[in-house]
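Data from start38.pdb: PDB, C-alpha atoms, pLDDT in the B column
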ATOM      1  CA  MET C  29      10.594  -8.175  -3.131  1.00 96.00           C
ATOM      2  CA  LEU C  30       8.657  -5.813  -5.384  1.00 98.00           C
ATOM      3  CA  ILE C  31       6.922  -2.643  -4.213  1.00 98.00           C
ATOM      4  CA  LEU C  32       3.812  -1.735  -6.200  1.00 98.00           C
ATOM      5  CA  ASN C  33       2.509   1.821  -6.029  1.00 98.00           C
ATOM      6  CA  SER C  34      -1.219   2.207  -6.562  1.00 97.00           C
ATOM      7  CA  GLY C  35      -1.525   5.788  -5.338  1.00 95.00           C
ATOM      8  CA  GLY C  36      -3.723   6.756  -2.430  1.00 95.00           C
ATOM      9  CA  THR C  37      -3.290   9.425   0.206  1.00 95.00           C
ATOM     10  CA  PHE C  38       0.276   8.191   0.855  1.00 96.00           C
ATOM     11  CA  ASN C  39       1.299   9.747  -2.479  1.00 96.00           C
ATOM     12  CA  LYS C  40      -0.963  12.808  -2.643  1.00 96.00           C
ATOM     13  CA  ARG C  41       0.513  16.242  -3.238  1.00 95.00           C
ATOM     14  CA  TYR C  42      -0.944  19.720  -3.076  1.00 94.00           C
ATOM     15  CA  ASN C  43      -1.762  21.271  -6.465  1.00 91.00           C
ATOM     16  CA  LYS C  44      -1.010  24.992  -6.129  1.00 92.00           C
ATOM     17  CA  VAL C  45      -3.118  25.835  -9.179  1.00 94.00           C
ATOM     18  CA  ASN C  46      -6.447  24.330  -8.121  1.00 93.00           C
ATOM     19  CA  GLY C  47      -5.838  23.891  -4.375  1.00 91.00           C
ATOM     20  CA  ALA C  48      -6.581  20.156  -4.403  1.00 92.00           C
ATOM     21  CA  LEU C  49      -4.674  17.197  -3.035  1.00 92.00           C
ATOM     22  CA  GLU C  50      -4.027  14.961  -6.035  1.00 94.00           C
ATOM     23  CA  VAL C  51      -2.418  11.602  -6.669  1.00 94.00           C
ATOM     24  CA  PRO C  52       0.478  12.377  -9.035  1.00 93.00           C
ATOM     25  CA  TYR C  53       1.603  10.012 -11.771  1.00 95.00           C
ATOM     26  CA  ASP C  54       4.952   9.277 -10.148  1.00 96.00           C
ATOM     27  CA  ASN C  55       6.582   7.352  -7.309  1.00 97.00           C
ATOM     28  CA  TYR C  56       8.233  10.346  -5.616  1.00 97.00           C
ATOM     29  CA  ALA C  57       7.109   9.649  -2.022  1.00 97.00           C
ATOM     30  CA  ILE C  58       8.195   6.008  -2.104  1.00 97.00           C
ATOM     31  CA  GLU C  59      11.454   6.814  -3.899  1.00 97.00           C
ATOM     32  CA  LYS C  60      12.250   9.478  -1.292  1.00 96.00           C
ATOM     33  CA  ILE C  61      11.695   7.006   1.557  1.00 97.00           C
ATOM     34  CA  LEU C  62      13.711   4.265  -0.163  1.00 97.00           C
ATOM     35  CA  GLU C  63      16.699   6.616  -0.487  1.00 94.00           C
ATOM     36  CA  SER C  64      17.390   6.027   3.208  1.00 91.00           C
ATOM     37  CA  PHE C  65      17.619   2.232   2.773  1.00 89.00           C
ATOM     38  CA  ASP C  66      20.965   0.568   2.076  1.00 86.00           C
ATOM     39  CA  PHE C  67      19.241  -2.102  -0.009  1.00 89.00           C
ATOM     40  CA  LYS C  68      17.593  -1.412  -3.361  1.00 92.00           C
ATOM     41  CA  TYR C  69      14.047  -2.672  -3.831  1.00 94.00           C
ATOM     42  CA  GLY C  70      12.141  -3.057  -7.069  1.00 96.00           C
ATOM     43  CA  LEU C  71       9.449  -0.415  -7.466  1.00 97.00           C
ATOM     44  CA  ALA C  72       6.698  -0.217 -10.055  1.00 96.00           C
ATOM     45  CA  GLY C  73       4.018   2.408 -10.414  1.00 96.00           C
ATOM     46  CA  VAL C  74       0.826   0.588 -11.303  1.00 95.00           C
ATOM     47  CA  VAL C  75      -2.315   2.596 -10.656  1.00 93.00           C
ATOM     48  CA  TYR C  76      -2.117   6.235  -9.641  1.00 96.00           C
ATOM     49  CA  LYS C  77      -5.524   6.729  -8.028  1.00 95.00           C
ATOM     50  CA  ASP C  78      -7.319   7.619  -4.861  1.00 95.00           C
ATOM     51  CA  SER C  79      -8.540   4.246  -3.648  1.00 94.00           C
ATOM     52  CA  LEU C  80     -12.167   5.412  -3.815  1.00 95.00           C
ATOM     53  CA  ASP C  81     -11.654   5.574  -7.592  1.00 95.00           C
ATOM     54  CA  MET C  82     -10.175   2.082  -7.848  1.00 96.00           C
ATOM     55  CA  ASP C  83     -12.304  -0.578  -9.479  1.00 97.00           C
ATOM     56  CA  MET C  84     -12.129  -4.295 -10.232  1.00 97.00           C
ATOM     57  CA  ASN C  85     -10.013  -3.676 -13.340  1.00 97.00           C
ATOM     58  CA  ASP C  86      -7.401  -1.945 -11.177  1.00 97.00           C
ATOM     59  CA  ARG C  87      -7.374  -4.879  -8.764  1.00 97.00           C
ATOM     60  CA  LYS C  88      -7.021  -7.295 -11.686  1.00 98.00           C
ATOM     61  CA  THR C  89      -4.077  -5.219 -12.933  1.00 97.00           C
ATOM     62  CA  LEU C  90      -2.378  -5.648  -9.547  1.00 98.00           C
ATOM     63  CA  ALA C  91      -3.100  -9.391  -9.635  1.00 98.00           C
ATOM     64  CA  ASN C  92      -1.727  -9.750 -13.176  1.00 98.00           C
ATOM     65  CA  ILE C  93       1.521  -8.013 -12.244  1.00 98.00           C
ATOM     66  CA  ILE C  94       1.911 -10.293  -9.228  1.00 98.00           C
ATOM     67  CA  MET C  95       1.174 -13.375 -11.375  1.00 97.00           C
ATOM     68  CA  GLU C  96       3.745 -12.380 -13.994  1.00 97.00           C
ATOM     69  CA  SER C  97       6.451 -11.441 -11.505  1.00 97.00           C
ATOM     70  CA  SER C  98       9.229 -13.794 -10.482  1.00 96.00           C
ATOM     71  CA  ASP C  99       9.065 -12.276  -6.984  1.00 97.00           C
ATOM     72  CA  ASP C 100       7.130 -13.992  -4.221  1.00 96.00           C
ATOM     73  CA  THR C 101       6.871 -11.002  -1.871  1.00 98.00           C
ATOM     74  CA  PHE C 102       5.039  -7.759  -2.598  1.00 98.00           C
ATOM     75  CA  ILE C 103       4.424  -4.499  -0.785  1.00 98.00           C
ATOM     76  CA  ILE C 104       1.427  -2.613  -2.179  1.00 98.00           C
ATOM     77  CA  VAL C 105       1.112   1.077  -1.337  1.00 98.00           C
ATOM     78  CA  HIS C 106      -2.630   1.643  -1.479  1.00 98.00           C
ATOM     79  CA  GLY C 107      -5.261   4.158  -0.431  1.00 96.00           C
ATOM     80  CA  THR C 108      -6.831   3.367   2.918  1.00 96.00           C
ATOM     81  CA  ASP C 109     -10.513   3.704   1.980  1.00 95.00           C
ATOM     82  CA  THR C 110     -10.611   0.511  -0.091  1.00 96.00           C
ATOM     83  CA  ILE C 111      -7.438  -1.248   1.044  1.00 97.00           C
ATOM     84  CA  GLU C 112      -9.535  -4.029   2.578  1.00 97.00           C
ATOM     85  CA  LEU C 113     -11.408  -4.654  -0.709  1.00 97.00           C
ATOM     86  CA  SER C 114      -8.170  -5.007  -2.649  1.00 98.00           C
ATOM     87  CA  ALA C 115      -6.638  -7.189   0.067  1.00 98.00           C
ATOM     88  CA  GLU C 116      -9.685  -9.464   0.075  1.00 98.00           C
ATOM     89  CA  PHE C 117      -9.570  -9.768  -3.726  1.00 98.00           C
ATOM     90  CA  LEU C 118      -5.871 -10.681  -3.796  1.00 98.00           C
ATOM     91  CA  ASP C 119      -6.370 -13.120  -0.913  1.00 98.00           C
ATOM     92  CA  GLU C 120      -8.921 -14.962  -3.068  1.00 98.00           C
ATOM     93  CA  VAL C 121      -6.499 -15.074  -6.012  1.00 98.00           C
ATOM     94  CA  PHE C 122      -3.207 -16.022  -4.306  1.00 98.00           C
ATOM     95  CA  ASP C 123      -2.237 -18.579  -1.712  1.00 95.00           C
ATOM     96  CA  ASP C 124       1.466 -18.798  -2.582  1.00 96.00           C
ATOM     97  CA  LYS C 125       2.538 -15.133  -2.326  1.00 98.00           C
ATOM     98  CA  LYS C 126       3.392 -12.790   0.517  1.00 98.00           C
ATOM     99  CA  ILE C 127       1.441  -9.575  -0.012  1.00 98.00           C
ATOM    100  CA  ILE C 128       1.567  -6.681   2.430  1.00 98.00           C
ATOM    101  CA  PHE C 129      -0.648  -3.646   1.898  1.00 98.00           C
ATOM    102  CA  THR C 130       0.267  -0.324   3.442  1.00 98.00           C
ATOM    103  CA  GLY C 131      -0.766   3.288   3.074  1.00 97.00           C
ATOM    104  CA  ALA C 132      -1.075   6.484   5.058  1.00 97.00           C
ATOM    105  CA  MET C 133      -3.827   8.579   6.581  1.00 95.00           C
ATOM    106  CA  LYS C 134      -1.897  11.759   5.731  1.00 95.00           C
ATOM    107  CA  PRO C 135       0.095  12.415   2.542  1.00 97.00           C
ATOM    108  CA  PHE C 136       3.875  12.002   2.705  1.00 97.00           C
ATOM    109  CA  GLU C 137       4.120  15.614   1.543  1.00 95.00           C
ATOM    110  CA  ILE C 138       2.289  16.746   4.703  1.00 94.00           C
ATOM    111  CA  ASP C 139       3.565  14.188   7.245  1.00 93.00           C
ATOM    112  CA  THR C 140       6.671  12.239   6.247  1.00 96.00           C
ATOM    113  CA  ILE C 141       6.744  10.230   9.466  1.00 96.00           C
ATOM    114  CA  GLU C 142       3.565   8.157   9.123  1.00 96.00           C
ATOM    115  CA  ALA C 143       4.143   7.105   5.508  1.00 97.00           C
ATOM    116  CA  THR C 144       7.808   6.329   6.208  1.00 97.00           C
ATOM    117  CA  LEU C 145       6.970   4.281   9.299  1.00 97.00           C
ATOM    118  CA  ASN C 146       4.267   2.288   7.515  1.00 97.00           C
ATOM    119  CA  LEU C 147       6.433   1.503   4.485  1.00 98.00           C
ATOM    120  CA  GLY C 148       9.440   0.649   6.662  1.00 97.00           C
ATOM    121  CA  MET C 149       7.366  -1.640   8.873  1.00 97.00           C
ATOM    122  CA  ALA C 150       5.854  -3.340   5.828  1.00 98.00           C
ATOM    123  CA  ILE C 151       9.296  -3.989   4.349  1.00 97.00           C
ATOM    124  CA  GLY C 152      10.691  -5.300   7.635  1.00 96.00           C
ATOM    125  CA  PHE C 153       7.675  -7.530   8.166  1.00 97.00           C
ATOM    126  CA  ALA C 154       7.896  -8.835   4.599  1.00 97.00           C
ATOM    127  CA  LYS C 155      11.564  -9.706   5.017  1.00 95.00           C
ATOM    128  CA  ALA C 156      10.861 -11.674   8.207  1.00 96.00           C
ATOM    129  CA  LEU C 157       7.645 -13.293   6.973  1.00 94.00           C
ATOM    130  CA  GLU C 158       7.825 -17.002   6.291  1.00 92.00           C
ATOM    131  CA  LYS C 159       4.163 -17.773   5.630  1.00 94.00           C
ATOM    132  CA  SER C 160       2.321 -16.718   2.479  1.00 97.00           C
ATOM    133  CA  GLY C 161      -0.777 -14.588   2.885  1.00 98.00           C
ATOM    134  CA  VAL C 162      -2.233 -11.113   2.530  1.00 98.00           C
ATOM    135  CA  TYR C 163      -1.566  -8.616   5.302  1.00 98.00           C
ATOM    136  CA  ILE C 164      -2.228  -4.961   6.115  1.00 98.00           C
ATOM    137  CA  CYS C 165       0.373  -2.775   7.798  1.00 98.00           C
ATOM    138  CA  MET C 166      -1.031   0.455   9.275  1.00 97.00           C
ATOM    139  CA  ASN C 167      -0.676   2.492  12.464  1.00 92.00           C
ATOM    140  CA  GLY C 168       2.034   0.284  13.973  1.00 93.00           C
ATOM    141  CA  LEU C 169       0.054  -2.907  13.377  1.00 95.00           C
ATOM    142  CA  VAL C 170       0.640  -5.714  10.865  1.00 97.00           C
ATOM    143  CA  THR C 171      -1.942  -8.482  10.697  1.00 96.00           C
ATOM    144  CA  PRO C 172      -3.720 -10.703   8.207  1.00 97.00           C
ATOM    145  CA  TRP C 173      -5.913  -8.396   6.108  1.00 97.00           C
ATOM    146  CA  ASN C 174      -9.192  -9.460   7.730  1.00 97.00           C
ATOM    147  CA  GLN C 175      -7.984  -8.713  11.263  1.00 97.00           C
ATOM    148  CA  LEU C 176      -7.440  -4.975  10.735  1.00 96.00           C
ATOM    149  CA  THR C 177     -10.049  -2.417   9.735  1.00 94.00           C
ATOM    150  CA  LYS C 178     -10.213   1.309   9.192  1.00 95.00           C
ATOM    151  CA  ASN C 179     -12.151   3.253  11.818  1.00 93.00           C
ATOM    152  CA  ASN C 180     -13.297   6.342   9.903  1.00 92.00           C
ATOM    153  CA  ASN C 181     -14.564   8.012  13.083  1.00 93.00           C
ATOM    154  CA  LEU C 182     -11.126   7.866  14.721  1.00 93.00           C
ATOM    155  CA  GLY C 183      -9.080   8.154  11.533  1.00 90.00           C
ATOM    156  CA  LYS C 184      -6.967   5.082  12.215  1.00 92.00           C
ATOM    157  CA  PHE C 185      -6.802   1.343  11.736  1.00 95.00           C
ATOM    158  CA  GLU C 186      -7.794  -0.990  14.549  1.00 94.00           C
ATOM    159  CA  LEU C 187      -7.742  -4.698  15.255  1.00 95.00           C
ATOM    160  CA  VAL C 188     -11.014  -6.432  14.455  1.00 91.00           C
ATOM    161  CA  GLU C 189     -12.690  -7.661  17.622  1.00 80.00           C
TER     162      GLU C 189
END
Show how you would write the structure in this file as structure tokens.
Amino acid sequence: MLILNSGGTFNKRYNKVNGALEVPYDNYAIEKILESFDFKYGLAGVVYKDSLDMDMNDRKTLANIIMESSDDTFIIVHGTDTIELSAEFLDEVFDDKKIIFTGAMKPFEIDTIEATLNLGMAIGFAKALEKSGVYICMNGLVTPWNQLTKNNNLGKFELVE
């Protein structure tokens, strides 16, 4: 299993100089969470962006890494605003990989619980998953990517009805 970090709110940290929440060019939040696991997982920082800034080239970069990897299971930490676009793109590219997207509505630096829960659930789901496909793990739910959507009014992910 390989964890790919693409940034997003999950990773954001407060910049004391300019007062902004920024996506840092590191894997600190994920590394901190993984310290509590007895098993070591591969981790690669890929794109360090807010998902609203991600474009097709960034999605192709994710796809190329997955294509070149010997792993068959991937967790992608991703910003929630465009997680569905990236999931849809990778679903069109791969039918033989297990890909689980996760993220957080609040930065790990502000709320360690949500990010930790989402990453832990994604890893557990990935380990138990037998069928290839692209999934989203958010707010205590893990489903195929097209069965979960972000409700911006409520600030959470919900099952598609």
Please evaluate the PyMOL selection byres ((chain C and resi 38-55) around 10) against the displayed coordinates and give the resulting residues as a ChimeraX atom specification.
/C:32-37,56-60,71-78,105-108,130-140,142-144,146-147
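When atom CA of Ile31 of chain C is paired with atom CA of Asp83 of chain C, their separation reads 20.0 Å.
What the PyMOL selection byres ((chain C and resi 152-161) around 6) matches in the given file is Asp124, Lys125, Lys126, Met149, Ala150, Ile151 and Val162 of chain C.
We find atom CA of Phe67 of chain C and atom CA of Thr101 of chain C to be spaced 15.4 Å apart.
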Do you have the atom CA of Ile128 of chain C-atom CA of Phe102 of chain C distance handy?
6.2 Å
I want to know what sits within 7 Å of Ile164 of chain C, based on only C-alpha atoms, with residues of the same chain fewer than 2 positions away left out; could you give that as an MDAnalysis selection string?
chainID C and resid 128:130 166 170:173 176
Listed atoms of segment 159-177 of chain C, axis-aligned box, 4 Å per side: centre and edge lengths to one decimal in Å, as AutoDock Vina command-line options?
--center_x -2.9 --center_y -7.6 --center_z 8.2 --size_x 22.2 --size_y 28.3 --size_z 19.5
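When you apply the PyMOL selection byres ((chain C and resi 99) around 7) to this structure, what comes back is Met29, Leu30, Ser97, Ser98, Asp100 and Thr101 of chain C.
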Ranking C:Gly70, C:Asn181, C:Arg87, C:Ser64 by minimum distance to Glu112 of chain C and counting all atoms listed in the file, which one comes first?
C:Arg87
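Counting all atoms listed in the file, the residue from C:Leu62, C:Asn167, C:Ile127, C:Ile141 that sits nearest to Met95 of chain C is C:Ile127.
The shortest atom-to-atom distance to Leu169 of chain C, with all atoms listed in the file taken into account, belongs to C:Glu186 out of C:Asp66, C:Asp119, C:Glu186, C:Asp86.
Closest approach to Asn85 of chain C among C:Leu145, C:Tyr69, C:Ser114, C:Tyr163 is made by C:Ser114 (distances from only C-alpha atoms).
Counting all atoms listed in the file, the residue from C:Glu96, C:Glu116, C:Asp123, C:Glu63 that sits nearest to Thr177 of chain C is C:Glu116.
Within 7 Å of the point (-10.1, -0.2, -4.4) in file coordinates, and counting all atoms listed in the file, lie the residues Ser79, Leu80, Asp81, Met82, Asp83, Arg87, Thr110, Ile111, Leu113 and Ser114 of chain C.
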Output segment 160-188 of chain C from the block with N, CA, C and O atoms, as a PDB file, in the first residue's frame?
ATOM      1  N   SER C 160     -11.109  -4.171  -6.792  1.00  0.00           N
ATOM      2  CA  SER C 160     -10.526  -2.937  -7.311  1.00  0.00           C
ATOM      3  C   SER C 160     -11.611  -1.897  -7.507  1.00  0.00           C
ATOM      4  O   SER C 160     -12.780  -2.223  -7.693  1.00  0.00           O
ATOM      5  N   GLY C 161     -11.208  -0.626  -7.467  1.00  0.00           N
ATOM      6  CA  GLY C 161     -12.140   0.462  -7.682  1.00  0.00           C
ATOM      7  C   GLY C 161     -11.622   1.722  -7.028  1.00  0.00           C
ATOM      8  O   GLY C 161     -10.565   1.735  -6.390  1.00  0.00           O
ATOM      9  N   VAL C 162     -12.374   2.801  -7.203  1.00  0.00           N
ATOM     10  CA  VAL C 162     -12.018   4.096  -6.633  1.00  0.00           C
ATOM     11  C   VAL C 162     -13.083   4.464  -5.615  1.00  0.00           C
ATOM     12  O   VAL C 162     -14.284   4.446  -5.915  1.00  0.00           O
ATOM     13  N   TYR C 163     -12.648   4.786  -4.417  1.00  0.00           N
ATOM     14  CA  TYR C 163     -13.530   5.031  -3.286  1.00  0.00           C
ATOM     15  C   TYR C 163     -13.195   6.371  -2.626  1.00  0.00           C
ATOM     16  O   TYR C 163     -12.087   6.878  -2.773  1.00  0.00           O
ATOM     17  N   ILE C 164     -14.154   6.896  -1.881  1.00  0.00           N
ATOM     18  CA  ILE C 164     -13.923   8.079  -1.046  1.00  0.00           C
ATOM     19  C   ILE C 164     -14.265   7.706   0.387  1.00  0.00           C
ATOM     20  O   ILE C 164     -15.309   7.096   0.650  1.00  0.00           O
ATOM     21  N   CYS C 165     -13.381   8.100   1.299  1.00  0.00           N
ATOM     22  CA  CYS C 165     -13.558   7.863   2.722  1.00  0.00           C
ATOM     23  C   CYS C 165     -13.596   9.216   3.422  1.00  0.00           C
ATOM     24  O   CYS C 165     -12.589   9.909   3.512  1.00  0.00           O
ATOM     25  N   MET C 166     -14.786   9.600   3.900  1.00  0.00           N
ATOM     26  CA  MET C 166     -14.970  10.876   4.596  1.00  0.00           C
ATOM     27  C   MET C 166     -16.116  10.752   5.589  1.00  0.00           C
ATOM     28  O   MET C 166     -17.106  10.067   5.322  1.00  0.00           O
ATOM     29  N   ASN C 167     -15.995  11.433   6.699  1.00  0.00           N
ATOM     30  CA  ASN C 167     -17.073  11.549   7.689  1.00  0.00           C
ATOM     31  C   ASN C 167     -17.655  10.202   8.116  1.00  0.00           C
ATOM     32  O   ASN C 167     -18.872  10.063   8.269  1.00  0.00           O
ATOM     33  N   GLY C 168     -16.804   9.204   8.303  1.00  0.00           N
ATOM     34  CA  GLY C 168     -17.268   7.901   8.762  1.00  0.00           C
ATOM     35  C   GLY C 168     -17.910   7.051   7.692  1.00  0.00           C
ATOM     36  O   GLY C 168     -18.492   6.015   7.992  1.00  0.00           O
ATOM     37  N   LEU C 169     -17.802   7.476   6.447  1.00  0.00           N
ATOM     38  CA  LEU C 169     -18.377   6.733   5.319  1.00  0.00           C
ATOM     39  C   LEU C 169     -17.265   6.361   4.335  1.00  0.00           C
ATOM     40  O   LEU C 169     -16.353   7.145   4.098  1.00  0.00           O
ATOM     41  N   VAL C 170     -17.366   5.165   3.749  1.00  0.00           N
ATOM     42  CA  VAL C 170     -16.469   4.758   2.674  1.00  0.00           C
ATOM     43  C   VAL C 170     -17.335   4.102   1.616  1.00  0.00           C
ATOM     44  O   VAL C 170     -18.002   3.098   1.878  1.00  0.00           O
ATOM     45  N   THR C 171     -17.344   4.703   0.424  1.00  0.00           N
ATOM     46  CA  THR C 171     -18.181   4.181  -0.657  1.00  0.00           C
ATOM     47  C   THR C 171     -17.464   4.376  -1.986  1.00  0.00           C
ATOM     48  O   THR C 171     -16.498   5.129  -2.076  1.00  0.00           O
ATOM     49  N   PRO C 172     -17.952   3.709  -3.043  1.00  0.00           N
ATOM     50  CA  PRO C 172     -17.445   4.058  -4.363  1.00  0.00           C
ATOM     51  C   PRO C 172     -17.561   5.569  -4.562  1.00  0.00           C
ATOM     52  O   PRO C 172     -18.516   6.198  -4.072  1.00  0.00           O
ATOM     53  N   TRP C 173     -16.609   6.146  -5.270  1.00  0.00           N
ATOM     54  CA  TRP C 173     -16.469   7.604  -5.367  1.00  0.00           C
ATOM     55  C   TRP C 173     -17.756   8.305  -5.780  1.00  0.00           C
ATOM     56  O   TRP C 173     -18.036   9.404  -5.325  1.00  0.00           O
ATOM     57  N   ASN C 174     -18.552   7.696  -6.645  1.00  0.00           N
ATOM     58  CA  ASN C 174     -19.741   8.371  -7.163  1.00  0.00           C
ATOM     59  C   ASN C 174     -20.972   8.208  -6.271  1.00  0.00           C
ATOM     60  O   ASN C 174     -22.065   8.632  -6.633  1.00  0.00           O
ATOM     61  N   GLN C 175     -20.786   7.620  -5.095  1.00  0.00           N
ATOM     62  CA  GLN C 175     -21.900   7.462  -4.161  1.00  0.00           C
ATOM     63  C   GLN C 175     -21.766   8.362  -2.935  1.00  0.00           C
ATOM     64  O   GLN C 175     -22.559   8.266  -1.998  1.00  0.00           O
ATOM     65  N   LEU C 176     -20.761   9.244  -2.943  1.00  0.00           N
ATOM     66  CA  LEU C 176     -20.526  10.152  -1.831  1.00  0.00           C
ATOM     67  C   LEU C 176     -20.234  11.535  -2.406  1.00  0.00           C
ATOM     68  O   LEU C 176     -19.471  11.654  -3.366  1.00  0.00           O
ATOM     69  N   THR C 177     -20.847  12.554  -1.845  1.00  0.00           N
ATOM     70  CA  THR C 177     -20.639  13.899  -2.369  1.00  0.00           C
ATOM     71  C   THR C 177     -20.516  14.902  -1.224  1.00  0.00           C
ATOM     72  O   THR C 177     -21.070  14.690  -0.140  1.00  0.00           O
ATOM     73  N   LYS C 178     -19.819  15.972  -1.491  1.00  0.00           N
ATOM     74  CA  LYS C 178     -19.632  17.003  -0.482  1.00  0.00           C
ATOM     75  C   LYS C 178     -20.838  17.941  -0.487  1.00  0.00           C
ATOM     76  O   LYS C 178     -21.217  18.484  -1.517  1.00  0.00           O
ATOM     77  N   ASN C 179     -21.425  18.130   0.695  1.00  0.00           N
ATOM     78  CA  ASN C 179     -22.502  19.086   0.878  1.00  0.00           C
ATOM     79  C   ASN C 179     -21.869  20.339   1.465  1.00  0.00           C
ATOM     80  O   ASN C 179     -21.565  20.382   2.665  1.00  0.00           O
ATOM     81  N   ASN C 180     -21.644  21.344   0.628  1.00  0.00           N
ATOM     82  CA  ASN C 180     -20.988  22.577   1.077  1.00  0.00           C
ATOM     83  C   ASN C 180     -21.827  23.349   2.094  1.00  0.00           C
ATOM     84  O   ASN C 180     -21.282  24.048   2.936  1.00  0.00           O
ATOM     85  N   ASN C 181     -23.144  23.224   2.011  1.00  0.00           N
ATOM     86  CA  ASN C 181     -24.009  23.929   2.962  1.00  0.00           C
ATOM     87  C   ASN C 181     -23.884  23.372   4.381  1.00  0.00           C
ATOM     88  O   ASN C 181     -23.954  24.111   5.350  1.00  0.00           O
ATOM     89  N   LEU C 182     -23.690  22.061   4.486  1.00  0.00           N
ATOM     90  CA  LEU C 182     -23.566  21.419   5.796  1.00  0.00           C
ATOM     91  C   LEU C 182     -22.118  21.190   6.212  1.00  0.00           C
ATOM     92  O   LEU C 182     -21.850  20.830   7.355  1.00  0.00           O
ATOM     93  N   GLY C 183     -21.198  21.333   5.260  1.00  0.00           N
ATOM     94  CA  GLY C 183     -19.786  21.124   5.568  1.00  0.00           C
ATOM     95  C   GLY C 183     -19.435  19.684   5.874  1.00  0.00           C
ATOM     96  O   GLY C 183     -18.629  19.400   6.753  1.00  0.00           O
ATOM     97  N   LYS C 184     -20.059  18.756   5.127  1.00  0.00           N
ATOM     98  CA  LYS C 184     -19.761  17.341   5.330  1.00  0.00           C
ATOM     99  C   LYS C 184     -20.089  16.564   4.060  1.00  0.00           C
ATOM    100  O   LYS C 184     -20.754  17.079   3.149  1.00  0.00           O
ATOM    101  N   PHE C 185     -19.621  15.326   4.025  1.00  0.00           N
ATOM    102  CA  PHE C 185     -19.923  14.450   2.911  1.00  0.00           C
ATOM    103  C   PHE C 185     -21.159  13.626   3.231  1.00  0.00           C
ATOM    104  O   PHE C 185     -21.396  13.255   4.379  1.00  0.00           O
ATOM    105  N   GLU C 186     -21.947  13.367   2.182  1.00  0.00           N
ATOM    106  CA  GLU C 186     -23.187  12.617   2.339  1.00  0.00           C
ATOM    107  C   GLU C 186     -23.308  11.591   1.229  1.00  0.00           C
ATOM    108  O   GLU C 186     -22.744  11.757   0.145  1.00  0.00           O
ATOM    109  N   LEU C 187     -24.093  10.554   1.504  1.00  0.00           N
ATOM    110  CA  LEU C 187     -24.388   9.559   0.480  1.00  0.00           C
ATOM    111  C   LEU C 187     -25.242  10.202  -0.600  1.00  0.00           C
ATOM    112  O   LEU C 187     -26.134  11.006  -0.310  1.00  0.00           O
ATOM    113  N   VAL C 188     -24.975   9.849  -1.838  1.00  0.00           N
ATOM    114  CA  VAL C 188     -25.762  10.330  -2.965  1.00  0.00           C
ATOM    115  C   VAL C 188     -27.082   9.579  -2.956  1.00  0.00           C
ATOM    116  O   VAL C 188     -27.126   8.366  -2.826  1.00  0.00           O
TER     117      VAL C 188
END
